[in-house]
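Comments concern the structure below.
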Amino acid sequence: MNILAAILLIGGLIFFAGGAIGILRFPDFYSRLHPAGKLDTAGQFMMMAAVALFVLQDLSWQSFLTAAKIILIVIFVFITSPTATHAIVDAGVRAGLKPWTKAERL
Amino acid sequence: MDTLFLYSGAFLAILMFLPLYRAVFGPTILDRLIGVNAIGSKTTVLLIIVGLIYNRVDMFVDIALAYALLNFIAVLAASRYFQKKRGLYAEKRSD
Amino acid sequence: MKKALPSSRADKPTDSNLSQTKRFRQFNFGTLLSFFILFGLWVVLSGRFDGFHLVLGVISSAIVALISGDLIFTSPKIRSILMLWLRWVGYVPWLVFQVFLANLQVMYLTFHPRMLDLIDPHIIEFDSRLKSDYARTTFANSITLTPGTITVNATVLGRFAVHCINTKSGQALPGKMEAKVAKVFNE
């Protein structure tokens, strides 16, 4: 159980690192949303799963309740993260931002 | 396992500086918003890890839940507010 | 996402055609179900099981359920609601797998040294045949979570605008995912 939690934890850290670097590297605002919206969700999911596994190791009522709350956070993030992404995209479209295209690079 | 949590928490805290660059120097307002959102999602995890280090997960998980809610509401409200602004794109863009 | 409320209001006139008893029962089911969901949420979040806190939870979730019970469950039949939720739960593991694939693809792009050559961002538009608000919301959120695509706009008429990171990821839409969502929502 400990090993599984450690693997999930490190995987989540790698996803978070990819998200942070992706936010820096991508060329424009629309494409930056791809790493920001997806990799952060996956990183949160994996790290929360690791913490929930670790908490569930001592089987008591209290730790079960804590794990339930962590799962609640994960469900909440899975619903709200696309919504937040969509809200930012919508603001960009209404403000008239043009997406970066390949032609612009040349 | 405790050391692993400690080091992953520290790594996460260091990782926050990359979106912070985007939040401070981002060319447009919405870029800053993306940076703030990314920092918030990292903070949610970091709060739970801090709770594990102090052996008080049951308390810190509530704070993390409240922070996740607050992060979502903040991004939603800010993007609703800024879409009314014309000239959002007037800031200089640097590729 | 934001258009869910007005059209559920628009559904109201059809309800008034039902007889009085049926309306009463429908009101009961949605309210009761949302009451139990809210109360379960209260119990998990408060974590105390003495009488005082439980009574407080019953009172507050009853008030919220009475005021806004018709927002979550718009369908009149309790059986269809339960089947819908079961099918929706069956849809989630496939979605999580897709999310995992999406993340691997974006990770590959992020760490690729010649990333600017690989990506080719553009916006495509297509019509969806999904009807209900919940189906469209689920579809839009699924698009955002899966490889290389973000929903930019979804109109009332079912027209979706999607931002793709490269040409390949845009071609898969609407395709398989729309069929899955349509199956979940029975359309």
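Ligands are numbered from 1 in the order shown, chains are lettered A, B, ... in the order of the structure tokens, and residues start at 1 in each chain.
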
Exercise. Enumerate as a PyMOL selection string the residues belonging to chain C that approach chain B to within 10 Å, with only C-alpha atoms taken into account.
Key: chain C and resi 45-47

Quiz item: If you count only C-alpha atoms, which residues fall within 12 Å of Val57 of chain B, apart from same-chain ones fewer than 3 positions away, as a list in words?
Solution: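 Using only C-alpha atoms, the neighbours found are Val51, Ala52, Phe54, Val55, Leu56, Gln62, Ser63, Phe64, Leu65, Thr66, Ala67, Lys69 and Ile70 of chain A; Val45, Leu46, Leu47, Ile48, Ile49, Val50, Gly51, Leu52, Ile53, Tyr54, Phe60, Val61, Asp62, Ile63, Ala64 and Leu65 of chain B.
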
Self-check item: Distance filter 6 Å, only C-alpha atoms, chain A against chain B, as a ChimeraX atom specification
Solution: /A:20,66,73,88,91,95

Quiz prompt | Pick from C:Thr155, C:Thr144, C:Asn186, C:Ser132 nearest to chain A, counting only C-alpha atoms | solution =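 Going through C:Thr155, C:Thr144, C:Asn186, C:Ser132 one by one, the smallest distance to chain A is for C:Thr144.
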
Practice problem: Kindly provide, as an NGL selection string, the residues of chain A having any atom no farther than 9 Å from an atom of chain C, counting only C-alpha atoms. | Solution: :A and (15 or 18-19 or 21-23 or 25-27 or 30-31 or 33-35 or 37-39 or 41-42 or 62 or 65-66 or 68-69 or 78-79 or 81-83 or 85-87 or 89-90 or 93 or 99-102 or 105)

Quiz prompt | Expected answer as number ranges by chain: helix (DSSP H, G or I) residues in chain A | solution = A: 2-25, 29-55, 61-95, 102-105

Quiz prompt | Top pick for closest residue to Ile7 of chain A, considering A:Arg32, A:Ala49, A:Gly96, A:Thr80 and counting only C-alpha atoms | solution =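 Distance minimum relative to Ile7 of chain A lands on A:Ala49.
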